[in-house]
$ cat coords-v1.txt   # compact mmCIF, C-alpha atoms
# COMPACT_ATOMS: atom_id res chain seq x y z
CA MET A 1 -10.16 -8.07 -47.59
CA ASN A 2 -10.13 -6.71 -51.15
CA SER A 3 -11.71 -3.33 -51.94
CA ILE A 4 -12.55 -1.21 -54.99
CA ASN A 5 -11.66 2.47 -55.05
CA ILE A 6 -13.60 4.54 -57.60
CA ARG A 7 -13.04 8.27 -58.12
CA PHE A 8 -15.62 10.48 -59.80
CA GLU A 9 -15.35 14.15 -60.76
CA VAL A 10 -18.53 16.14 -61.30
CA SER A 11 -18.36 19.74 -62.57
CA PHE A 12 -20.92 22.39 -63.53
CA GLY A 13 -20.54 25.22 -65.95
CA THR A 14 -19.16 28.55 -64.77
CA GLY A 15 -21.76 30.68 -63.13
CA SER A 16 -24.36 27.88 -63.07
CA GLU A 17 -26.61 27.68 -60.08
CA TYR A 18 -26.48 24.74 -57.71
CA ASP A 19 -29.01 22.15 -59.04
CA ALA A 20 -29.93 19.80 -56.14
CA GLU A 21 -32.22 17.66 -58.29
CA ALA A 22 -29.52 17.06 -60.91
CA LEU A 23 -26.95 16.19 -58.24
CA GLN A 24 -29.31 13.65 -56.64
CA LYS A 25 -29.85 12.00 -60.01
CA ILE A 26 -26.09 11.73 -60.54
CA GLN A 27 -25.64 10.17 -57.09
CA GLN A 28 -28.26 7.51 -57.84
CA GLU A 29 -26.60 6.61 -61.13
CA LEU A 30 -23.21 6.43 -59.39
CA ALA A 31 -24.60 4.10 -56.69
CA THR A 32 -26.06 1.78 -59.36
CA THR A 33 -22.71 1.73 -61.21
CA VAL A 34 -20.79 0.90 -58.02
CA LYS A 35 -23.11 -2.04 -57.22
CA ARG A 36 -22.72 -3.40 -60.75
CA LEU A 37 -18.91 -3.18 -60.54
CA GLN A 38 -18.87 -4.87 -57.10
CA ALA A 39 -21.05 -7.76 -58.36
CA GLN A 40 -18.81 -8.22 -61.41
CA TYR A 41 -15.69 -8.20 -59.21
CA THR A 42 -17.16 -10.80 -56.82
CA LYS A 43 -18.12 -13.07 -59.72
CA ASN A 44 -14.66 -12.87 -61.30
CA ASN A 45 -12.88 -13.37 -58.00
CA SER A 46 -14.92 -16.47 -56.99
CA SER A 47 -14.34 -18.11 -60.37
CA ARG A 48 -10.58 -17.88 -59.82
CA THR A 49 -10.82 -19.81 -56.50
CA SER A 50 -13.18 -22.61 -57.65
CA PRO A 51 -11.63 -26.08 -58.14
CA PRO A 52 -10.51 -26.99 -61.65
CA PRO A 53 -12.97 -28.92 -63.82
CA LYS A 54 -11.10 -32.23 -63.41
CA GLN A 55 -11.66 -32.21 -59.63
CA GLN A 56 -15.34 -31.72 -60.19
CA THR A 57 -15.84 -34.49 -62.75
CA ASP A 58 -13.37 -37.33 -62.05
CA PHE A 59 -14.82 -39.91 -59.65
CA PHE A 60 -11.49 -41.67 -59.05
CA GLN A 61 -9.68 -38.49 -58.11
CA PHE A 62 -12.45 -37.52 -55.70
CA ALA A 63 -12.58 -41.06 -54.24
CA ARG A 64 -8.82 -41.09 -53.58
CA ALA A 65 -9.09 -37.71 -51.85
CA GLU A 66 -11.88 -39.04 -49.64
CA THR A 67 -9.74 -42.06 -48.78
CA GLU A 68 -6.98 -39.73 -47.64
CA ASN A 69 -9.49 -37.81 -45.53
CA MET A 70 -10.55 -41.04 -43.81
CA THR A 71 -6.92 -41.93 -43.10
CA LYS A 72 -6.19 -38.49 -41.65
CA ALA A 73 -9.26 -38.85 -39.43
CA SER A 74 -7.86 -42.23 -38.18
CA ARG A 75 -10.82 -44.04 -39.74
CA PHE A 76 -8.51 -46.73 -41.04
CA ASN A 77 -11.11 -49.44 -41.60
CA THR A 78 -13.24 -47.09 -43.69
CA ALA A 79 -10.18 -46.02 -45.65
CA ARG A 80 -9.33 -49.67 -46.26
CA ASN A 81 -12.85 -50.36 -47.53
CA TYR A 82 -12.60 -47.32 -49.82
CA ARG A 83 -9.29 -48.48 -51.30
CA THR A 84 -10.57 -52.02 -51.91
CA ALA A 85 -13.80 -50.87 -53.59
CA ILE A 86 -11.98 -48.26 -55.70
CA SER A 87 -9.44 -50.88 -56.80
CA ARG A 88 -12.25 -53.24 -57.88
CA LEU A 89 -13.94 -50.48 -59.84
CA HIS A 90 -10.61 -49.54 -61.43
CA GLN A 91 -10.13 -53.14 -62.57
CA TYR A 92 -13.53 -53.03 -64.23
CA VAL A 93 -13.17 -49.61 -65.87
CA SER A 94 -9.42 -49.97 -66.66
CA PHE A 95 -9.13 -46.31 -67.65
CA THR A 96 -9.18 -42.83 -66.08
CA PRO A 97 -10.73 -40.38 -65.62
CA LEU A 98 -14.20 -41.68 -64.83
CA PRO A 99 -16.66 -38.76 -65.14
CA PHE A 100 -19.46 -38.67 -62.60
CA HIS A 101 -22.07 -38.50 -65.36
CA SER A 102 -20.85 -41.91 -66.63
CA ILE A 103 -21.93 -43.56 -63.36
CA THR A 104 -25.50 -44.51 -64.23
CA PRO A 105 -27.84 -47.35 -63.12
CA LEU A 106 -26.80 -49.32 -66.22
CA PHE A 107 -23.10 -48.76 -65.43
CA ILE A 108 -23.59 -50.10 -61.89
CA ASP A 109 -25.68 -53.05 -63.17
CA ASN A 110 -22.85 -54.07 -65.48
CA PHE A 111 -20.27 -53.60 -62.72
CA GLU A 112 -22.35 -55.85 -60.44
CA LYS A 113 -22.46 -58.56 -63.14
CA TYR A 114 -18.70 -58.22 -63.59
CA LEU A 115 -18.16 -58.86 -59.87
CA GLN A 116 -20.42 -61.91 -59.98
CA ASN A 117 -18.43 -63.30 -62.92
CA GLN A 118 -15.26 -62.71 -60.89
CA GLY A 119 -16.62 -65.09 -58.22
CA CYS A 120 -17.56 -62.48 -55.59
CA ASN A 121 -20.42 -63.51 -53.29
CA LEU A 122 -23.43 -61.30 -52.71
CA ASN A 123 -22.23 -59.90 -49.38
CA THR A 124 -18.86 -58.92 -50.86
CA ILE A 125 -20.54 -57.25 -53.84
CA SER A 126 -22.91 -55.45 -51.48
CA CYS A 127 -19.95 -54.16 -49.45
CA TYR A 128 -18.25 -52.77 -52.57
CA LEU A 129 -21.43 -51.09 -53.82
CA ARG A 130 -22.33 -49.59 -50.43
CA THR A 131 -18.83 -48.14 -50.19
CA LEU A 132 -18.92 -46.64 -53.68
CA ARG A 133 -22.42 -45.29 -53.03
CA ALA A 134 -21.17 -43.51 -49.89
CA ILE A 135 -18.37 -41.85 -51.90
CA TYR A 136 -20.75 -40.91 -54.71
CA ASN A 137 -23.31 -39.42 -52.31
CA LYS A 138 -20.58 -37.35 -50.67
CA ALA A 139 -19.79 -35.85 -54.08
CA VAL A 140 -23.50 -35.08 -54.55
CA GLU A 141 -23.56 -33.46 -51.12
CA LEU A 142 -20.62 -31.25 -52.14
CA GLU A 143 -22.50 -30.36 -55.34
CA LEU A 144 -19.80 -31.82 -57.57
CA THR A 145 -22.44 -33.77 -59.49
CA PRO A 146 -26.24 -33.95 -59.65
CA GLN A 147 -27.89 -37.00 -58.07
CA GLN A 148 -28.51 -39.60 -60.78
CA SER A 149 -29.34 -42.45 -58.30
CA PRO A 150 -27.02 -44.93 -60.05
CA PHE A 151 -27.28 -47.47 -57.19
CA ILE A 152 -31.08 -47.64 -57.20
CA ARG A 153 -31.19 -51.20 -58.59
CA ALA A 154 -28.02 -52.50 -56.93
CA PHE A 155 -28.02 -55.12 -54.18
CA THR A 156 -26.74 -53.36 -51.06
CA GLY A 157 -28.26 -55.60 -48.40
CA TYR A 158 -27.06 -58.77 -46.68
CA GLU A 159 -27.40 -62.39 -47.71
CA ASN A 160 -28.00 -64.77 -44.83
CA THR A 161 -25.18 -67.29 -44.81
CA ARG A 162 -24.52 -70.11 -42.36
CA LYS A 163 -25.97 -69.76 -38.86
CA ARG A 164 -23.31 -68.23 -36.70
CA GLY A 165 -24.53 -68.61 -33.15
CA ILE A 166 -23.48 -71.72 -31.23
CA PRO A 167 -25.69 -73.59 -28.69
CA LYS A 168 -25.27 -73.48 -24.92
CA LEU A 169 -23.98 -77.05 -24.79
CA LEU A 170 -21.05 -76.17 -27.06
CA ILE A 171 -20.27 -73.10 -24.94
CA ARG A 172 -20.09 -75.35 -21.86
CA LYS A 173 -17.85 -77.74 -23.78
CA LEU A 174 -15.56 -74.84 -24.71
CA ILE A 175 -15.41 -73.65 -21.10
CA SER A 176 -14.37 -77.16 -20.01
CA LEU A 177 -11.73 -77.48 -22.76
CA ASP A 178 -8.25 -77.57 -21.18
CA CYS A 179 -5.90 -75.26 -23.06
CA SER A 180 -3.55 -74.52 -20.16
CA LYS A 181 -0.57 -76.10 -21.96
CA ARG A 182 -1.21 -74.07 -25.12
CA PRO A 183 -1.19 -70.38 -24.12
CA THR A 184 -2.09 -69.08 -27.58
CA LEU A 185 -5.21 -71.26 -27.72
CA GLN A 186 -6.03 -70.34 -24.13
CA LEU A 187 -5.96 -66.66 -25.08
CA ALA A 188 -8.24 -67.28 -28.09
CA LYS A 189 -10.63 -69.28 -25.92
CA ASP A 190 -10.69 -66.56 -23.25
CA LEU A 191 -11.25 -63.77 -25.78
CA PHE A 192 -14.15 -65.69 -27.35
CA LEU A 193 -15.82 -66.35 -23.99
CA PHE A 194 -15.13 -62.79 -22.79
CA SER A 195 -16.99 -61.51 -25.85
CA ILE A 196 -20.05 -63.57 -24.90
CA TYR A 197 -19.83 -62.56 -21.23
CA VAL A 198 -19.63 -58.86 -22.16
CA ARG A 199 -22.75 -58.75 -24.36
CA GLY A 200 -21.12 -59.66 -27.65
CA ILE A 201 -18.28 -57.14 -27.60
CA SER A 202 -16.41 -57.27 -30.93
CA PHE A 203 -12.77 -58.26 -31.29
CA VAL A 204 -11.67 -54.79 -32.40
CA ASP A 205 -13.18 -53.25 -29.26
CA ILE A 206 -11.58 -55.93 -27.04
CA ALA A 207 -8.18 -55.25 -28.62
CA PHE A 208 -8.28 -51.54 -27.74
CA LEU A 209 -9.62 -51.88 -24.17
CA LYS A 210 -7.55 -50.19 -21.45
CA LYS A 211 -7.71 -50.01 -17.65
CA SER A 212 -9.28 -46.57 -17.98
CA HIS A 213 -12.37 -48.25 -19.46
CA ILE A 214 -13.11 -50.01 -16.16
CA TYR A 215 -15.03 -48.21 -13.40
CA GLY A 216 -15.49 -50.51 -10.44
CA ASN A 217 -17.25 -53.60 -11.81
CA TYR A 218 -18.38 -51.82 -14.97
CA LEU A 219 -16.79 -51.64 -18.38
CA THR A 220 -17.54 -48.49 -20.41
CA TYR A 221 -16.23 -48.08 -23.94
CA TYR A 222 -17.12 -46.54 -27.30
CA ARG A 223 -17.70 -48.90 -30.22
CA ARG A 224 -15.07 -48.14 -32.82
CA LYS A 225 -17.52 -48.88 -35.64
CA THR A 226 -20.51 -46.77 -34.57
CA HIS A 227 -18.94 -44.56 -31.84
CA GLN A 228 -21.78 -45.48 -29.47
CA GLN A 229 -21.05 -45.62 -25.76
CA ILE A 230 -21.70 -49.00 -24.13
CA THR A 231 -21.60 -49.80 -20.41
CA VAL A 232 -21.61 -53.42 -19.24
CA LYS A 233 -21.49 -54.86 -15.75
CA LEU A 234 -18.56 -57.27 -15.42
CA GLU A 235 -19.78 -60.58 -14.02
CA PRO A 236 -17.43 -63.03 -12.17
CA PRO A 237 -16.48 -65.07 -15.30
CA SER A 238 -15.42 -61.93 -17.21
CA LEU A 239 -13.54 -60.56 -14.18
CA GLU A 240 -11.71 -63.88 -13.88
CA ILE A 241 -10.52 -63.62 -17.48
CA LEU A 242 -9.43 -59.99 -17.00
CA ASN A 243 -7.44 -60.91 -13.88
CA ARG A 244 -5.70 -63.70 -15.81
CA TYR A 245 -4.24 -61.15 -18.21
CA ALA A 246 -3.65 -58.28 -15.80
CA ASP A 247 -0.41 -56.41 -16.61
CA THR A 248 0.46 -58.74 -19.53
CA SER A 249 0.29 -55.91 -22.09
CA GLN A 250 3.34 -53.66 -22.28
CA ALA A 251 1.30 -51.02 -24.13
CA GLY A 252 -1.28 -50.63 -21.33
CA TYR A 253 -4.15 -52.61 -22.91
CA LEU A 254 -6.28 -55.10 -20.96
CA PHE A 255 -5.27 -57.98 -23.25
CA PRO A 256 -1.91 -58.81 -24.88
CA ILE A 257 -3.10 -58.22 -28.45
CA LEU A 258 -1.63 -54.88 -29.56
CA ARG A 259 1.91 -53.78 -28.81
CA ASP A 260 1.88 -50.16 -30.02
CA THR A 261 -0.17 -47.05 -29.32
CA SER A 262 0.18 -45.01 -32.55
CA PRO A 263 -3.11 -45.12 -34.54
CA ALA A 264 -1.64 -46.19 -37.90
CA ASP A 265 0.58 -48.95 -36.43
CA ASN A 266 -2.28 -50.05 -34.18
CA TYR A 267 -4.61 -50.57 -37.11
CA ARG A 268 -2.11 -52.63 -39.11
CA GLU A 269 -1.37 -54.78 -36.07
CA TYR A 270 -5.08 -55.19 -35.30
CA ARG A 271 -5.71 -56.49 -38.85
CA TYR A 272 -2.87 -58.99 -38.43
CA GLN A 273 -4.01 -60.11 -34.98
CA LEU A 274 -7.59 -60.56 -36.23
CA GLY A 275 -6.32 -63.10 -38.77
CA VAL A 276 -4.28 -64.88 -36.09
CA TYR A 277 -7.31 -64.95 -33.76
CA ASN A 278 -9.55 -66.53 -36.40
CA LYS A 279 -6.93 -69.19 -37.19
CA ARG A 280 -6.75 -70.13 -33.52
CA LEU A 281 -10.53 -70.24 -33.26
CA ASN A 282 -10.50 -72.61 -36.22
CA GLN A 283 -8.15 -74.86 -34.23
CA LEU A 284 -10.54 -74.73 -31.29
CA SER A 285 -13.42 -75.68 -33.62
CA LYS A 286 -11.59 -78.88 -34.54
CA LEU A 287 -10.92 -79.68 -30.88
CA LEU A 288 -14.64 -79.26 -30.19
CA GLY A 289 -15.60 -81.64 -33.00
CA ASP A 290 -15.75 -79.25 -35.95
CA GLN A 291 -19.57 -79.28 -35.94
CA TYR A 292 -19.65 -75.50 -35.59
CA HIS A 293 -17.13 -73.09 -37.07
CA LEU A 294 -15.89 -70.54 -34.54
CA SER A 295 -14.87 -67.09 -35.75
CA SER A 296 -14.54 -63.57 -34.37
CA TYR A 297 -18.19 -62.87 -35.31
CA VAL A 298 -19.65 -66.06 -33.85
CA SER A 299 -19.36 -64.93 -30.22
CA ARG A 300 -21.30 -61.76 -31.03
CA HIS A 301 -24.03 -63.67 -32.87
CA THR A 302 -24.11 -66.25 -30.08
CA TRP A 303 -24.86 -63.65 -27.42
CA ALA A 304 -27.62 -62.15 -29.58
CA SER A 305 -29.17 -65.59 -30.19
CA LEU A 306 -29.06 -66.57 -26.52
CA ALA A 307 -30.56 -63.22 -25.52
CA LYS A 308 -33.40 -63.76 -27.98
CA GLU A 309 -34.02 -67.23 -26.54
CA GLN A 310 -34.35 -65.63 -23.10
CA GLY A 311 -37.15 -63.42 -24.41
CA ILE A 312 -35.14 -60.20 -24.56
CA SER A 313 -36.63 -57.80 -27.11
CA VAL A 314 -34.87 -56.97 -30.36
CA SER A 315 -34.69 -53.28 -29.39
CA ILE A 316 -32.77 -54.09 -26.18
CA ILE A 317 -30.49 -56.54 -27.99
CA SER A 318 -29.83 -53.87 -30.61
CA GLU A 319 -28.91 -51.32 -27.95
CA SER A 320 -26.72 -53.85 -26.13
CA LEU A 321 -24.78 -54.67 -29.28
CA GLY A 322 -24.32 -50.98 -30.10
CA HIS A 323 -26.18 -51.18 -33.39
CA THR A 324 -27.36 -47.91 -34.90
CA SER A 325 -30.41 -49.65 -36.36
CA GLU A 326 -32.60 -52.61 -35.40
CA LYS A 327 -32.36 -53.68 -39.04
CA THR A 328 -28.81 -54.89 -38.42
CA THR A 329 -29.91 -56.77 -35.30
CA ARG A 330 -32.70 -58.53 -37.15
CA ILE A 331 -30.11 -60.00 -39.53
CA TYR A 332 -28.63 -61.74 -36.49
CA MET A 333 -32.07 -62.99 -35.50
CA LYS A 334 -33.01 -64.51 -38.88
CA ALA A 335 -30.51 -67.36 -38.52
CA LEU A 336 -31.99 -68.24 -35.12
CA GLU A 337 -35.57 -68.20 -36.45
CA LYS A 338 -34.54 -70.45 -39.37
CA GLN A 339 -32.93 -72.86 -36.91
CA LYS A 340 -36.14 -73.02 -34.86
CA LEU A 341 -38.18 -73.71 -38.00
CA ASP A 342 -35.80 -76.52 -38.99
CA GLN A 343 -36.10 -78.06 -35.51
CA ALA A 344 -39.90 -77.82 -35.63
CA ASN A 345 -39.96 -79.46 -39.06
CA GLN A 346 -37.66 -82.23 -37.86
CA LYS A 347 -39.98 -82.99 -34.91
CA LEU A 348 -43.00 -83.02 -37.21
CA ILE A 349 -41.37 -85.49 -39.62
CA ASN A 350 -40.18 -87.71 -36.77
CA ARG A 351 -43.72 -87.89 -35.37
CA MET A 352 -45.07 -88.76 -38.81
CA LEU A 353 -42.55 -91.56 -39.20
CA VAL A 354 -43.31 -92.96 -35.74
CA THR A 355 -47.04 -92.96 -36.52
CA ARG A 356 -46.46 -94.67 -39.89
CA LYS A 357 -44.32 -97.40 -38.29
CA SER A 358 -46.93 -98.10 -35.63
CA LEU A 359 -49.63 -98.40 -38.30
CA ASN A 360 -47.55 -100.83 -40.34
CA LYS A 361 -47.26 -103.07 -37.33
$ encode --input "coords-v1.txt" --output "structure tokens"
Amino acid sequence: MNSINIRFEVSFGTGSEYDAEALQKIQQELATTVKRLQAQYTKNNSSRTSPPPKQQTDFFQFARAETENMTKASRFNTARNYRTAISRLHQYVSFTPLPFHSITPLFIDNFEKYLQNQGCNLNTISCYLRTLRAIYNKAVELELTPQQSPFIRAFTGYENTRKRGIPKLLIRKLISLDCSKRPTLQLAKDLFLFSIYVRGISFVDIAFLKKSHIYGNYLTYYRRKTHQQITVKLEPPSLEILNRYADTSQAGYLFPILRDTSPADNYREYRYQLGVYNKRLNQLSKLLGDQYHLSSYVSRHTWASLAKEQGISVSIISESLGHTSEKTTRIYMKALEKQKLDQANQKLINRMLVTRKSLNK
């Protein structure tokens, strides 16, 4: 701890009497002087330890530092999203530094149009803008820049694409599909069905499951995306799949997906295995007739759709899926509602056509 030593000498004339009132006045003036010097010292000292101006104003430099923080915290998927969004923004700006005050609503509008012209779909653009907004808001939180709300007009929602859930008849067809002579397809089939059996568990959470996550007939794990704890009772079909792959992983996982245990290597291997899994699901789609496209997300959407059909409330479905908000769950539900409306419209038209034919006769 730093300190200030100040020495004062006070003297009176020879033979003068002790003046208590004068001495008290001197003490007060000295106290005021000491406080002023301490305040000045504190101000000068703090200015020497504050970050240089470039760190406070350059968005790219701050964004790269945040990416490193995410990597150090083993939040590899977030770090990957940061790098991708920063790279896209860098392509658009094509120069550095990018001052925070340059990021305005008009700047973001033009960046959004640039992405559209580059052929990016709405959901991809939304992902980039949400990521950049998170970085920008962190800088505001750290008081590196005032809040200018540059993303206020940007699209940061979700566009409903093709319906992702598959019907019960196709699930039964998949269960009956014989893949015993093709082990890689059998594994993809089992992982897809296991996801449905275990309340729509995502592929990333399946990949990292270990024996320690099983307590009796219950599976308890933390979602890697939201860090929420989820407990699911393992029914006979899911237990059958688990038994099929018991002790097949040399790294101690429940399924033979990952081969390492270090966080960085695990993440790289998970990204690779996710691509392999989706390719194999595409092969299964063709074997099933290619009417529905299977992917790693379809099993999750399928469970949510089937649960909705059974009358389960959105709030319970949201909790089961480990969503932090019902808003995300309702995105899953919209595709199902649209499908029901299409079916109702088809029945209405068919009845109209039948009536018209009978009248013509």
$ residues_around --input "coords-v1.txt" --residues "Glu68 in chain A" --least-positions-apart "5" --cutoff "9 Å" --atoms "all atoms listed in the file" --output "VMD selection string"
chain A and resid 63 73 79
$ write_last_selection --input "coords-v1.txt" --atoms "C-alpha atoms" --output "PDB file, keeping the file's coordinate frame"
ATOM      1  CA  ALA A  63     -12.580 -41.060 -54.240  1.00  0.00           C
ATOM      2  CA  ALA A  73      -9.260 -38.850 -39.430  1.00  0.00           C
ATOM      3  CA  ALA A  79     -10.180 -46.020 -45.650  1.00  0.00           C
TER       4      ALA A  79
END
$ residues_around --input "coords-v1.txt" --residues "Leu106 in chain A" --least-positions-apart "3" --cutoff "8 Å" --atoms "only C-alpha atoms" --output "PyMOL selection string"
chain A and resi 109-110+150
$ write_last_selection --input "coords-v1.txt" --atoms "C-alpha atoms" --output "CSV table (one decimal), keeping the file's coordinate frame"
chain,number,residue,atom,x,y,z
A,109,ASP,CA,-25.7,-53.0,-63.2
A,110,ASN,CA,-22.8,-54.1,-65.5
A,150,PRO,CA,-27.0,-44.9,-60.0
$ atom_distance --input "coords-v1.txt" --atom1 "CA of Thr156 in chain A" --atom2 "CA of Lys138 in chain A"
17.2 Å
$ closest_residue --input "coords-v1.txt" --among "A:Leu115, A:Tyr272, A:Gln91, A:Leu142" --to "Phe62 in chain A" --atoms "only C-alpha atoms"
A:Leu142
$ closest_residue --input "coords-v1.txt" --among "A:Phe111, A:Ile135, A:Val298, A:Tyr267" --to "Ala65 in chain A" --atoms "all atoms listed in the file"
A:Ile135
$ atom_distance --input "coords-v1.txt" --atom1 "CA of Ile86 in chain A" --atom2 "CA of His101 in chain A"
17.0 Å
$ atom_distance --input "coords-v1.txt" --atom1 "CA of Glu143 in chain A" --atom2 "CA of Pro99 in chain A"
14.2 Å
$ axis_aligned_box --input "coords-v1.txt" --around "range 121-137 of chain A" --padding-each-side "5 Å" --output "lines of an AutoDock Vina configuration file"
center_x = -20.8
center_y = -51.5
center_z = -52.0
size_x = 15.2
size_y = 34.1
size_z = 15.3
$ residues_around --input "coords-v1.txt" --residues "Leu187 in chain A" --least-positions-apart "3" --cutoff "12 Å" --atoms "all atoms listed in the file" --output "PDB file with C-alpha atoms, in the coordinates of the input"
ATOM      1  CA  ASP A 178      -8.250 -77.570 -21.180  1.00  0.00           C
ATOM      2  CA  CYS A 179      -5.900 -75.260 -23.060  1.00  0.00           C
ATOM      3  CA  SER A 180      -3.550 -74.520 -20.160  1.00  0.00           C
ATOM      4  CA  LYS A 181      -0.570 -76.100 -21.960  1.00  0.00           C
ATOM      5  CA  ARG A 182      -1.210 -74.070 -25.120  1.00  0.00           C
ATOM      6  CA  PRO A 183      -1.190 -70.380 -24.120  1.00  0.00           C
ATOM      7  CA  THR A 184      -2.090 -69.080 -27.580  1.00  0.00           C
ATOM      8  CA  ASP A 190     -10.690 -66.560 -23.250  1.00  0.00           C
ATOM      9  CA  LEU A 191     -11.250 -63.770 -25.780  1.00  0.00           C
ATOM     10  CA  PHE A 192     -14.150 -65.690 -27.350  1.00  0.00           C
ATOM     11  CA  LEU A 193     -15.820 -66.350 -23.990  1.00  0.00           C
ATOM     12  CA  PHE A 194     -15.130 -62.790 -22.790  1.00  0.00           C
ATOM     13  CA  ILE A 241     -10.520 -63.620 -17.480  1.00  0.00           C
ATOM     14  CA  LEU A 242      -9.430 -59.990 -17.000  1.00  0.00           C
ATOM     15  CA  ARG A 244      -5.700 -63.700 -15.810  1.00  0.00           C
ATOM     16  CA  TYR A 245      -4.240 -61.150 -18.210  1.00  0.00           C
ATOM     17  CA  THR A 248       0.460 -58.740 -19.530  1.00  0.00           C
ATOM     18  CA  PHE A 255      -5.270 -57.980 -23.250  1.00  0.00           C
ATOM     19  CA  PRO A 256      -1.910 -58.810 -24.880  1.00  0.00           C
ATOM     20  CA  ILE A 257      -3.100 -58.220 -28.450  1.00  0.00           C
ATOM     21  CA  VAL A 276      -4.280 -64.880 -36.090  1.00  0.00           C
ATOM     22  CA  TYR A 277      -7.310 -64.950 -33.760  1.00  0.00           C
ATOM     23  CA  ASN A 278      -9.550 -66.530 -36.400  1.00  0.00           C
ATOM     24  CA  ARG A 280      -6.750 -70.130 -33.520  1.00  0.00           C
ATOM     25  CA  LEU A 281     -10.530 -70.240 -33.260  1.00  0.00           C
ATOM     26  CA  LEU A 284     -10.540 -74.730 -31.290  1.00  0.00           C
TER      27      LEU A 284
END
$ closest_residue --input "coords-v1.txt" --among "A:Leu254, A:Met70, A:Ala307, A:Cys120" --to "Tyr197 in chain A" --atoms "all atoms listed in the file"
A:Ala307
$ residues_around --input "coords-v1.txt" --residues "Ala139 in chain A" --least-positions-apart "2" --cutoff "12 Å" --atoms "all atoms listed in the file" --output "ChimeraX atom specification"
/A:55-63,65-66,99-101,132-137,141-148
$ closest_residue --input "coords-v1.txt" --among "A:Ile316, A:Leu239, A:Ile152, A:Leu185" --to "Gly216 in chain A" --atoms "all atoms listed in the file"
A:Leu239
$ residues_around --input "coords-v1.txt" --residues "range 221-224 of chain A" --least-positions-apart "6" --cutoff "9 Å" --atoms "all atoms listed in the file" --output "MDAnalysis selection string"
chainID A and resid 201:202 204:205 209 213:214 230:232 322
$ closest_residue --input "coords-v1.txt" --among "A:Phe208, A:Phe151, A:Tyr92, A:Phe203" --to "Thr261 in chain A" --atoms "all atoms listed in the file"
A:Phe208
